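Visitor: Below you'll find target.txt; it's compact mmCIF, N, CA and C atoms.
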```
# COMPACT_ATOMS: atom_id res chain seq x y z
N MET K 80 0.84 -1.19 0.00
CA MET K 80 0.00 0.00 0.00
C MET K 80 0.88 1.25 0.00
N GLN K 81 0.61 2.16 -0.94
CA GLN K 81 1.43 3.36 -1.03
C GLN K 81 0.96 4.39 0.00
N HIS K 82 1.91 5.24 0.40
CA HIS K 82 1.59 6.27 1.38
C HIS K 82 0.85 7.41 0.69
N ILE K 83 -0.18 7.92 1.34
CA ILE K 83 -0.99 8.99 0.77
C ILE K 83 -0.51 10.32 1.32
N ASP K 84 -0.23 11.26 0.41
CA ASP K 84 0.19 12.60 0.81
C ASP K 84 -1.06 13.42 1.12
N ARG K 85 -1.35 13.59 2.40
CA ARG K 85 -2.60 14.24 2.80
C ARG K 85 -2.64 15.73 2.48
N GLU K 86 -1.47 16.33 2.18
CA GLU K 86 -1.45 17.77 1.87
C GLU K 86 -2.20 18.06 0.56
N LYS K 87 -2.20 17.09 -0.36
CA LYS K 87 -2.84 17.30 -1.66
C LYS K 87 -4.36 17.20 -1.59
N PHE K 88 -4.87 16.66 -0.50
CA PHE K 88 -6.30 16.39 -0.40
C PHE K 88 -7.04 17.49 0.35
N GLU K 89 -8.30 17.66 -0.04
CA GLU K 89 -9.20 18.57 0.66
C GLU K 89 -10.22 17.72 1.38
N GLU K 90 -10.69 18.21 2.53
CA GLU K 90 -11.66 17.47 3.32
C GLU K 90 -12.92 18.31 3.48
N LYS K 91 -14.07 17.63 3.40
CA LYS K 91 -15.34 18.32 3.61
C LYS K 91 -16.21 17.46 4.53
N VAL K 92 -16.73 18.09 5.56
CA VAL K 92 -17.66 17.40 6.45
C VAL K 92 -19.05 17.51 5.82
N VAL K 93 -19.63 16.38 5.47
CA VAL K 93 -20.93 16.36 4.80
C VAL K 93 -22.06 16.38 5.82
N ASN K 94 -21.88 15.62 6.90
CA ASN K 94 -22.97 15.48 7.85
C ASN K 94 -22.43 15.18 9.24
N ILE K 95 -23.04 15.83 10.24
CA ILE K 95 -22.75 15.48 11.63
C ILE K 95 -24.08 15.15 12.28
N GLY K 96 -24.16 13.98 12.88
CA GLY K 96 -25.41 13.55 13.49
C GLY K 96 -25.23 13.31 14.97
N ARG K 97 -26.31 13.49 15.72
CA ARG K 97 -26.27 13.20 17.14
C ARG K 97 -27.09 11.94 17.37
N VAL K 98 -26.46 10.95 17.98
CA VAL K 98 -27.11 9.67 18.22
C VAL K 98 -27.35 9.55 19.72
N THR K 99 -28.52 9.11 20.10
CA THR K 99 -28.88 9.01 21.51
C THR K 99 -29.12 7.57 21.91
N LYS K 100 -28.54 7.19 23.03
CA LYS K 100 -28.79 5.87 23.61
C LYS K 100 -29.46 6.13 24.95
N VAL K 101 -30.65 5.59 25.13
CA VAL K 101 -31.36 5.82 26.38
C VAL K 101 -30.99 4.70 27.35
N VAL K 102 -30.45 5.12 28.49
CA VAL K 102 -30.07 4.15 29.54
C VAL K 102 -30.85 4.49 30.80
N LYS K 103 -30.66 3.68 31.84
CA LYS K 103 -31.42 3.86 33.08
C LYS K 103 -31.28 5.27 33.65
N GLY K 104 -30.09 5.83 33.58
CA GLY K 104 -29.83 7.15 34.17
C GLY K 104 -30.19 8.32 33.27
N GLY K 105 -30.67 8.08 32.08
CA GLY K 105 -30.99 9.18 31.17
C GLY K 105 -30.52 8.88 29.76
N ARG K 106 -30.07 9.92 29.07
CA ARG K 106 -29.65 9.75 27.68
C ARG K 106 -28.14 9.88 27.55
N ARG K 107 -27.57 9.03 26.71
CA ARG K 107 -26.14 9.14 26.41
C ARG K 107 -26.01 9.59 24.96
N PHE K 108 -25.29 10.70 24.76
CA PHE K 108 -25.15 11.23 23.41
C PHE K 108 -23.82 10.83 22.80
N ARG K 109 -23.87 10.50 21.52
CA ARG K 109 -22.67 10.26 20.73
C ARG K 109 -22.85 11.02 19.44
N PHE K 110 -21.74 11.21 18.73
CA PHE K 110 -21.82 11.95 17.47
C PHE K 110 -21.27 11.12 16.33
N THR K 111 -21.91 11.26 15.17
CA THR K 111 -21.40 10.60 13.97
C THR K 111 -20.99 11.69 12.99
N ALA K 112 -19.99 11.38 12.20
CA ALA K 112 -19.53 12.34 11.20
C ALA K 112 -19.32 11.62 9.88
N LEU K 113 -19.72 12.28 8.79
CA LEU K 113 -19.50 11.77 7.44
C LEU K 113 -18.59 12.77 6.74
N VAL K 114 -17.41 12.30 6.33
CA VAL K 114 -16.41 13.18 5.73
C VAL K 114 -16.06 12.67 4.34
N VAL K 115 -15.94 13.61 3.39
CA VAL K 115 -15.50 13.26 2.03
C VAL K 115 -14.14 13.92 1.81
N VAL K 116 -13.18 13.16 1.27
CA VAL K 116 -11.87 13.73 0.93
C VAL K 116 -11.62 13.54 -0.56
N GLY K 117 -10.91 14.50 -1.16
CA GLY K 117 -10.60 14.40 -2.58
C GLY K 117 -9.46 15.32 -2.94
N ASP K 118 -8.77 14.99 -4.03
CA ASP K 118 -7.63 15.83 -4.47
C ASP K 118 -8.00 16.71 -5.66
N LYS K 119 -9.29 16.74 -6.03
CA LYS K 119 -9.79 17.51 -7.19
C LYS K 119 -9.10 17.12 -8.48
N ASN K 120 -8.63 15.86 -8.52
CA ASN K 120 -7.92 15.39 -9.71
C ASN K 120 -8.27 13.93 -9.98
N GLY K 121 -9.49 13.53 -9.62
CA GLY K 121 -9.91 12.17 -9.96
C GLY K 121 -9.81 11.17 -8.83
N THR K 122 -9.43 11.59 -7.63
CA THR K 122 -9.40 10.68 -6.50
C THR K 122 -10.32 11.21 -5.42
N VAL K 123 -11.21 10.34 -4.92
CA VAL K 123 -12.17 10.77 -3.91
C VAL K 123 -12.48 9.59 -2.99
N GLY K 124 -12.82 9.89 -1.75
CA GLY K 124 -13.16 8.84 -0.80
C GLY K 124 -14.05 9.39 0.30
N TYR K 125 -14.73 8.49 1.00
CA TYR K 125 -15.59 8.93 2.09
C TYR K 125 -15.28 8.10 3.34
N GLY K 126 -15.59 8.67 4.49
CA GLY K 126 -15.38 7.96 5.74
C GLY K 126 -16.47 8.29 6.74
N PHE K 127 -16.69 7.36 7.66
CA PHE K 127 -17.73 7.52 8.66
C PHE K 127 -17.10 7.26 10.02
N GLY K 128 -17.37 8.14 10.98
CA GLY K 128 -16.80 7.96 12.32
C GLY K 128 -17.81 8.26 13.40
N LYS K 129 -17.68 7.54 14.52
CA LYS K 129 -18.56 7.75 15.67
C LYS K 129 -17.70 7.94 16.91
N ALA K 130 -18.05 8.94 17.74
CA ALA K 130 -17.32 9.16 18.98
C ALA K 130 -18.18 9.97 19.94
N LYS K 131 -17.65 10.15 21.16
CA LYS K 131 -18.40 10.91 22.18
C LYS K 131 -18.35 12.40 21.93
N GLU K 132 -17.32 12.86 21.22
CA GLU K 132 -17.17 14.28 20.92
C GLU K 132 -17.11 14.47 19.40
N VAL K 133 -17.57 15.64 18.92
CA VAL K 133 -17.61 15.91 17.47
C VAL K 133 -16.20 15.87 16.82
N PRO K 134 -15.19 16.55 17.39
CA PRO K 134 -13.87 16.54 16.74
C PRO K 134 -13.28 15.13 16.60
N ASP K 135 -13.52 14.29 17.63
CA ASP K 135 -13.02 12.91 17.58
C ASP K 135 -13.72 12.14 16.45
N ALA K 136 -15.04 12.33 16.33
CA ALA K 136 -15.80 11.66 15.27
C ALA K 136 -15.29 12.11 13.90
N MET K 137 -15.00 13.43 13.77
CA MET K 137 -14.51 13.94 12.49
C MET K 137 -13.14 13.37 12.16
N LYS K 138 -12.28 13.23 13.17
CA LYS K 138 -10.94 12.67 12.93
C LYS K 138 -11.04 11.21 12.50
N LYS K 139 -11.91 10.44 13.18
CA LYS K 139 -12.10 9.04 12.82
C LYS K 139 -12.63 8.92 11.39
N ALA K 140 -13.60 9.77 11.05
CA ALA K 140 -14.19 9.74 9.72
C ALA K 140 -13.15 10.09 8.65
N THR K 141 -12.29 11.08 8.94
CA THR K 141 -11.26 11.49 7.99
C THR K 141 -10.26 10.36 7.77
N ASP K 142 -9.84 9.72 8.86
CA ASP K 142 -8.91 8.58 8.74
C ASP K 142 -9.53 7.46 7.91
N ASP K 143 -10.82 7.22 8.14
CA ASP K 143 -11.54 6.18 7.40
C ASP K 143 -11.62 6.54 5.91
N ALA K 144 -11.82 7.84 5.63
CA ALA K 144 -11.95 8.30 4.24
C ALA K 144 -10.67 8.04 3.45
N TYR K 145 -9.51 8.24 4.08
CA TYR K 145 -8.24 8.00 3.38
C TYR K 145 -8.02 6.52 3.09
N LYS K 146 -8.71 5.65 3.82
CA LYS K 146 -8.60 4.21 3.58
C LYS K 146 -9.50 3.77 2.42
N ASN K 147 -10.51 4.61 2.09
CA ASN K 147 -11.50 4.22 1.08
C ASN K 147 -11.42 5.09 -0.17
N LEU K 148 -10.22 5.38 -0.63
CA LEU K 148 -10.08 6.24 -1.81
C LEU K 148 -10.32 5.45 -3.09
N VAL K 149 -11.02 6.06 -4.04
CA VAL K 149 -11.21 5.45 -5.35
C VAL K 149 -10.77 6.41 -6.44
N LYS K 150 -10.28 5.85 -7.53
CA LYS K 150 -9.83 6.65 -8.68
C LYS K 150 -10.99 6.74 -9.66
N ILE K 151 -11.19 7.94 -10.19
CA ILE K 151 -12.31 8.17 -11.11
C ILE K 151 -11.78 8.57 -12.48
N ASN K 152 -12.39 8.01 -13.52
CA ASN K 152 -11.99 8.34 -14.89
C ASN K 152 -12.69 9.63 -15.31
N LEU K 153 -11.92 10.68 -15.48
CA LEU K 153 -12.46 11.95 -15.94
C LEU K 153 -12.24 12.09 -17.44
N LYS K 154 -13.12 12.85 -18.08
CA LYS K 154 -12.94 13.15 -19.51
C LYS K 154 -12.95 14.67 -19.60
N GLY K 155 -11.78 15.27 -19.48
CA GLY K 155 -11.68 16.73 -19.40
C GLY K 155 -12.21 17.19 -18.05
N SER K 156 -13.25 18.03 -18.09
CA SER K 156 -13.81 18.54 -16.84
C SER K 156 -15.13 17.85 -16.48
N THR K 157 -15.46 16.77 -17.21
CA THR K 157 -16.71 16.06 -16.95
C THR K 157 -16.46 14.55 -16.95
N ILE K 158 -17.55 13.76 -17.03
CA ILE K 158 -17.42 12.31 -17.12
C ILE K 158 -17.73 11.87 -18.54
N ALA K 159 -17.41 10.62 -18.87
CA ALA K 159 -17.51 10.16 -20.26
C ALA K 159 -18.94 9.86 -20.70
N HIS K 160 -19.80 9.39 -19.78
CA HIS K 160 -21.14 8.97 -20.19
C HIS K 160 -22.12 9.06 -19.03
N ASP K 161 -23.43 8.94 -19.36
CA ASP K 161 -24.47 8.92 -18.33
C ASP K 161 -24.31 7.67 -17.48
N ILE K 162 -24.66 7.77 -16.22
CA ILE K 162 -24.64 6.59 -15.37
C ILE K 162 -25.69 6.73 -14.27
N GLU K 163 -26.31 5.61 -13.93
CA GLU K 163 -27.29 5.60 -12.85
C GLU K 163 -26.86 4.52 -11.88
N HIS K 164 -26.91 4.83 -10.60
CA HIS K 164 -26.48 3.85 -9.60
C HIS K 164 -27.41 3.91 -8.40
N LYS K 165 -27.64 2.75 -7.80
CA LYS K 165 -28.52 2.66 -6.65
C LYS K 165 -27.73 2.06 -5.49
N TYR K 166 -27.82 2.69 -4.34
CA TYR K 166 -27.25 2.12 -3.13
C TYR K 166 -28.33 2.22 -2.06
N ASN K 167 -28.76 1.06 -1.53
CA ASN K 167 -29.90 0.99 -0.61
C ASN K 167 -31.09 1.71 -1.24
N ALA K 168 -31.63 2.76 -0.59
CA ALA K 168 -32.80 3.43 -1.15
C ALA K 168 -32.43 4.70 -1.90
N SER K 169 -31.14 5.01 -1.99
CA SER K 169 -30.70 6.21 -2.69
C SER K 169 -30.32 5.87 -4.12
N ARG K 170 -30.85 6.66 -5.06
CA ARG K 170 -30.46 6.50 -6.46
C ARG K 170 -29.88 7.80 -6.95
N ILE K 171 -28.82 7.70 -7.76
CA ILE K 171 -28.19 8.91 -8.30
C ILE K 171 -28.07 8.74 -9.81
N ILE K 172 -28.39 9.80 -10.53
CA ILE K 172 -28.21 9.81 -11.98
C ILE K 172 -27.19 10.90 -12.28
N LEU K 173 -26.12 10.53 -12.98
CA LEU K 173 -25.06 11.48 -13.34
C LEU K 173 -25.02 11.61 -14.85
N LYS K 174 -25.01 12.85 -15.35
CA LYS K 174 -24.94 13.08 -16.79
C LYS K 174 -23.81 14.05 -17.09
N PRO K 175 -23.00 13.76 -18.10
CA PRO K 175 -21.94 14.71 -18.47
C PRO K 175 -22.56 15.99 -19.02
N ALA K 176 -21.85 17.10 -18.83
CA ALA K 176 -22.35 18.39 -19.31
C ALA K 176 -21.24 19.09 -20.08
N SER K 177 -21.65 20.01 -20.97
CA SER K 177 -20.66 20.73 -21.78
C SER K 177 -19.89 21.72 -20.91
N ALA K 178 -18.72 22.11 -21.37
CA ALA K 178 -17.85 23.01 -20.61
C ALA K 178 -18.57 24.31 -20.28
N GLY K 179 -18.43 24.76 -19.05
CA GLY K 179 -19.06 26.00 -18.63
C GLY K 179 -20.40 25.81 -17.94
N THR K 180 -20.90 24.58 -17.90
CA THR K 180 -22.18 24.30 -17.25
C THR K 180 -22.06 24.44 -15.74
N GLY K 181 -20.97 23.93 -15.18
CA GLY K 181 -20.78 23.94 -13.74
C GLY K 181 -21.37 22.70 -13.11
N THR K 182 -21.32 22.64 -11.79
CA THR K 182 -21.83 21.49 -11.06
C THR K 182 -23.28 21.73 -10.70
N ILE K 183 -24.16 20.95 -11.32
CA ILE K 183 -25.57 21.02 -10.97
C ILE K 183 -25.87 19.76 -10.18
N ALA K 184 -25.80 19.88 -8.86
CA ALA K 184 -26.02 18.74 -7.99
C ALA K 184 -26.48 19.25 -6.64
N GLY K 185 -27.29 18.46 -5.99
CA GLY K 185 -27.79 18.88 -4.70
C GLY K 185 -27.37 17.93 -3.60
N GLY K 186 -27.59 18.36 -2.37
CA GLY K 186 -27.40 17.50 -1.22
C GLY K 186 -25.98 17.00 -1.07
N ALA K 187 -25.87 15.74 -0.65
CA ALA K 187 -24.58 15.16 -0.32
C ALA K 187 -23.77 14.78 -1.57
N ALA K 188 -24.40 14.83 -2.76
CA ALA K 188 -23.68 14.46 -3.98
C ALA K 188 -22.71 15.57 -4.39
N ARG K 189 -23.04 16.82 -4.07
CA ARG K 189 -22.22 17.96 -4.50
C ARG K 189 -20.77 17.91 -3.97
N PRO K 190 -20.55 17.74 -2.65
CA PRO K 190 -19.16 17.71 -2.19
C PRO K 190 -18.35 16.58 -2.81
N VAL K 191 -18.99 15.42 -3.06
CA VAL K 191 -18.28 14.30 -3.68
C VAL K 191 -17.82 14.70 -5.09
N ILE K 192 -18.73 15.29 -5.86
CA ILE K 192 -18.43 15.67 -7.24
C ILE K 192 -17.36 16.76 -7.28
N GLU K 193 -17.49 17.76 -6.39
CA GLU K 193 -16.51 18.85 -6.36
C GLU K 193 -15.12 18.35 -5.99
N LEU K 194 -15.03 17.49 -4.96
CA LEU K 194 -13.72 17.01 -4.50
C LEU K 194 -13.12 15.99 -5.46
N ALA K 195 -13.96 15.40 -6.33
CA ALA K 195 -13.43 14.49 -7.35
C ALA K 195 -12.78 15.27 -8.48
N GLY K 196 -13.08 16.57 -8.58
CA GLY K 196 -12.48 17.40 -9.61
C GLY K 196 -13.34 17.51 -10.86
N ILE K 197 -14.60 17.13 -10.77
CA ILE K 197 -15.51 17.23 -11.91
C ILE K 197 -16.13 18.63 -11.89
N LYS K 198 -15.95 19.38 -12.98
CA LYS K 198 -16.42 20.77 -13.00
C LYS K 198 -17.75 20.93 -13.72
N ASP K 199 -18.02 20.08 -14.72
CA ASP K 199 -19.26 20.20 -15.49
C ASP K 199 -20.03 18.89 -15.43
N ILE K 200 -21.12 18.89 -14.70
CA ILE K 200 -21.91 17.66 -14.55
C ILE K 200 -23.33 18.02 -14.10
N ILE K 201 -24.27 17.15 -14.46
CA ILE K 201 -25.63 17.29 -13.97
C ILE K 201 -25.93 16.03 -13.17
N ALA K 202 -26.36 16.21 -11.92
CA ALA K 202 -26.65 15.08 -11.05
C ALA K 202 -28.04 15.23 -10.47
N LYS K 203 -28.74 14.09 -10.38
CA LYS K 203 -30.07 14.10 -9.79
C LYS K 203 -30.17 12.94 -8.82
N SER K 204 -30.57 13.24 -7.59
CA SER K 204 -30.76 12.15 -6.63
C SER K 204 -32.24 11.83 -6.55
N ILE K 205 -32.55 10.54 -6.54
CA ILE K 205 -33.92 10.06 -6.51
C ILE K 205 -34.05 9.11 -5.32
N GLY K 206 -35.18 9.16 -4.65
CA GLY K 206 -35.37 8.26 -3.51
C GLY K 206 -34.84 8.90 -2.25
N SER K 207 -34.19 8.10 -1.44
CA SER K 207 -33.72 8.56 -0.14
C SER K 207 -32.61 9.60 -0.28
N ASN K 208 -32.70 10.67 0.53
CA ASN K 208 -31.64 11.68 0.53
C ASN K 208 -30.74 11.52 1.75
N ASN K 209 -30.75 10.34 2.33
CA ASN K 209 -29.87 10.04 3.46
C ASN K 209 -28.43 10.29 3.02
N PRO K 210 -27.71 11.22 3.70
CA PRO K 210 -26.37 11.59 3.23
C PRO K 210 -25.41 10.42 3.11
N ASN K 211 -25.46 9.48 4.07
CA ASN K 211 -24.54 8.33 4.02
C ASN K 211 -24.75 7.53 2.74
N ASN K 212 -26.01 7.19 2.44
CA ASN K 212 -26.30 6.39 1.26
C ASN K 212 -26.06 7.16 -0.03
N LEU K 213 -26.35 8.45 -0.02
CA LEU K 213 -26.18 9.26 -1.22
C LEU K 213 -24.70 9.42 -1.57
N VAL K 214 -23.86 9.63 -0.56
CA VAL K 214 -22.42 9.73 -0.79
C VAL K 214 -21.88 8.42 -1.34
N ARG K 215 -22.30 7.31 -0.75
CA ARG K 215 -21.84 6.00 -1.22
C ARG K 215 -22.30 5.74 -2.66
N ALA K 216 -23.56 6.05 -2.94
CA ALA K 216 -24.10 5.84 -4.29
C ALA K 216 -23.32 6.67 -5.31
N THR K 217 -23.03 7.93 -4.97
CA THR K 217 -22.32 8.82 -5.89
C THR K 217 -20.91 8.31 -6.16
N ILE K 218 -20.20 7.91 -5.10
CA ILE K 218 -18.82 7.43 -5.28
C ILE K 218 -18.80 6.14 -6.09
N GLN K 219 -19.74 5.23 -5.79
CA GLN K 219 -19.79 3.97 -6.54
C GLN K 219 -20.14 4.21 -8.01
N ALA K 220 -21.04 5.17 -8.26
CA ALA K 220 -21.40 5.50 -9.65
C ALA K 220 -20.19 6.07 -10.38
N LEU K 221 -19.47 6.99 -9.75
CA LEU K 221 -18.29 7.58 -10.38
C LEU K 221 -17.20 6.53 -10.63
N ALA K 222 -17.07 5.59 -9.72
CA ALA K 222 -16.06 4.54 -9.88
C ALA K 222 -16.41 3.62 -11.06
N ARG K 223 -17.71 3.51 -11.38
CA ARG K 223 -18.15 2.66 -12.49
C ARG K 223 -18.00 3.31 -13.85
N VAL K 224 -17.75 4.63 -13.89
CA VAL K 224 -17.63 5.32 -15.19
C VAL K 224 -16.39 4.80 -15.93
N LYS K 225 -16.62 4.40 -17.19
CA LYS K 225 -15.50 3.88 -17.99
C LYS K 225 -14.84 5.04 -18.72
N ALA K 226 -13.54 4.90 -18.91
CA ALA K 226 -12.77 6.00 -19.55
C ALA K 226 -13.18 6.19 -20.99
```
Once you've parsed the file, please lay out its structure as C-alpha cells.
Guide:
Amino acid sequence: MQHIDREKFEEKVVNIGRVTKVVKGGRRFRFTALVVVGDKNGTVGYGFGKAKEVPDAMKKATDDAYKNLVKINLKGSTIAHDIEHKYNASRIILKPASAGTGTIAGGAARPVIELAGIKDIIAKSIGSNNPNNLVRATIQALARVKA
C-alpha cells in the first residue's frame, strides 16, 4: 500500500449527526460524522466515524476516508457517459455536461463531485436523501464510469 500525501487532499464534512442511547440514568449522546476527501484530480473517498465528541468523530471519519479512496476516470472537466447507480434506497443519476455548465447537484452528492475534480456535470438524486447512502451511491457511480 502506497503512502498517501494528505497535503494534496481537501476534506469536507458532509454530515454530523447526534445519536442518543437511552439508559437507566438518562440519555447518552454520541456523534457521527461523514467526511469526504478528494484531491480535485480524480481521487475521492468517504469515511464515517462515531465518537463521544464531534472533533473525535470527524478525525475518525477522515482517517476512514483516506482508507476508502477510489480513482475516477475523468474526460476533461466532466465524465464520459451517463450513469445511474442505486445504493440501498438512494439512487443517483449522473450526466456529463458541456464546458461552462458547472456542477448542478444537490445534497450530499455535490461535495463528492466537487472534490473528485468534476467541474461540469448534472446530477439528480432520486429516492432517499440520506447523506450516508447518497455519498456511497455517488462514489460507486463515479467509480463505475468507464474511460
Visitor: From the DSSP assignment of the backbone, select every residue of range 83-201 of chain K that is alpha helix (DSSP H), and format the answer as number ranges by chain.
Guide: K: 133-146, 188-195
Visitor: Using all atoms listed in the file and a cutoff of 7 Å, can you tell me which residues are near (-13.3, 14.0, -12.5) in the file's coordinates, and write them out as number ranges by chain?
Guide: K: 119-122, 151-158, 195-198
Visitor: Which of these residues is nearest to Ile172 in chain K, using all atoms listed in the file: K:Thr141, K:Asn212, K:Gln219, K:Ser204?
Guide: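 The shortest atom-to-atom distance to Ile172 in chain K comes from K:Ser204.
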Visitor: Using only N, CA and C atoms, which residues sit within 6 Å of range 84-90 of chain K once same-chain residues fewer than 2 positions away are excluded, as a list in words?
Guide: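 Here the answer would be His82, Val92, Val115, Val116, Gly117 and Asp118 of chain K.
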Visitor: Would you work out the distance separating CA of Phe110 in chain K from CA of Met137 in chain K, expressed in Å to one decimal?
Guide: 9.1 Å
Visitor: Can you list, as a list in words, every protein, DNA or RNA residue that comes within 9 Å of Thr180 in chain K when you count only C-alpha atoms, leaving out same-chain residues fewer than 5 positions away?
Guide: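 The contact residues come out as Lys198, Asp199, Ile200 and Ile201 of chain K.
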Visitor: Which value, in Å to one decimal, gives the distance between CA of Lys129 in chain K and CA of Ala222 in chain K?
Guide: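 Going from CA of Lys129 in chain K over to CA of Ala222 in chain K, I get 25.9 Å.
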Visitor: Can you list, as a PyMOL selection string, every protein, DNA or RNA residue that comes within 8 Å of Ala187 in chain K when you count all atoms listed in the file, leaving out same-chain residues fewer than 6 positions away?
Guide: chain K and resi 93-94+208-211+213-215+217
Visitor: Kindly indicate which residue among K:Ala112, K:Val98, K:Val123, K:Leu173 lies nearest to Asn147 in chain K, using only C-alpha atoms for the distances.
Guide: K:Val123
Visitor: What gap, in Å, lies between atom C of Asp143 in chain K and atom N of Arg107 in chain K?
Guide: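 Atom-to-atom, atom C of Asp143 in chain K to atom N of Arg107 in chain K, that is 26.3 Å.
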Visitor: Nearest to His160 in chain K among K:Ile95, K:Leu194, K:Val224, K:Ala216, with distances taken over all atoms listed in the file: which residue is it?
Guide: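 Answer, going by the shortest atom-to-atom distance: K:Val224.
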Visitor: So that I can check the surroundings of Ser207 in chain K, please list as a list in words every protein, DNA and RNA residue that reaches within 6 Å of it, counting only N, CA and C atoms and ignoring chain neighbours fewer than 6 positions away.
Guide: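 Counting only the stated atoms, we get Ala168, Ser169 and Arg170 of chain K.
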Visitor: Mind writing the picked residues with N, CA and C atoms as a short mmCIF file (atom, residue, chain, number, x, y, z; two decimals), in the coordinates of the input?
Guide:
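New file again24.cif:
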```cif
data_model
loop_
_atom_site.label_atom_id
_atom_site.label_comp_id
_atom_site.auth_asym_id
_atom_site.auth_seq_id
_atom_site.Cartn_x
_atom_site.Cartn_y
_atom_site.Cartn_z
N ALA K 168 -31.63 2.76 -0.59
CA ALA K 168 -32.80 3.43 -1.15
C ALA K 168 -32.43 4.70 -1.90
N SER K 169 -31.14 5.01 -1.99
CA SER K 169 -30.70 6.21 -2.69
C SER K 169 -30.32 5.87 -4.12
N ARG K 170 -30.85 6.66 -5.06
CA ARG K 170 -30.46 6.50 -6.46
C ARG K 170 -29.88 7.80 -6.95
#
```
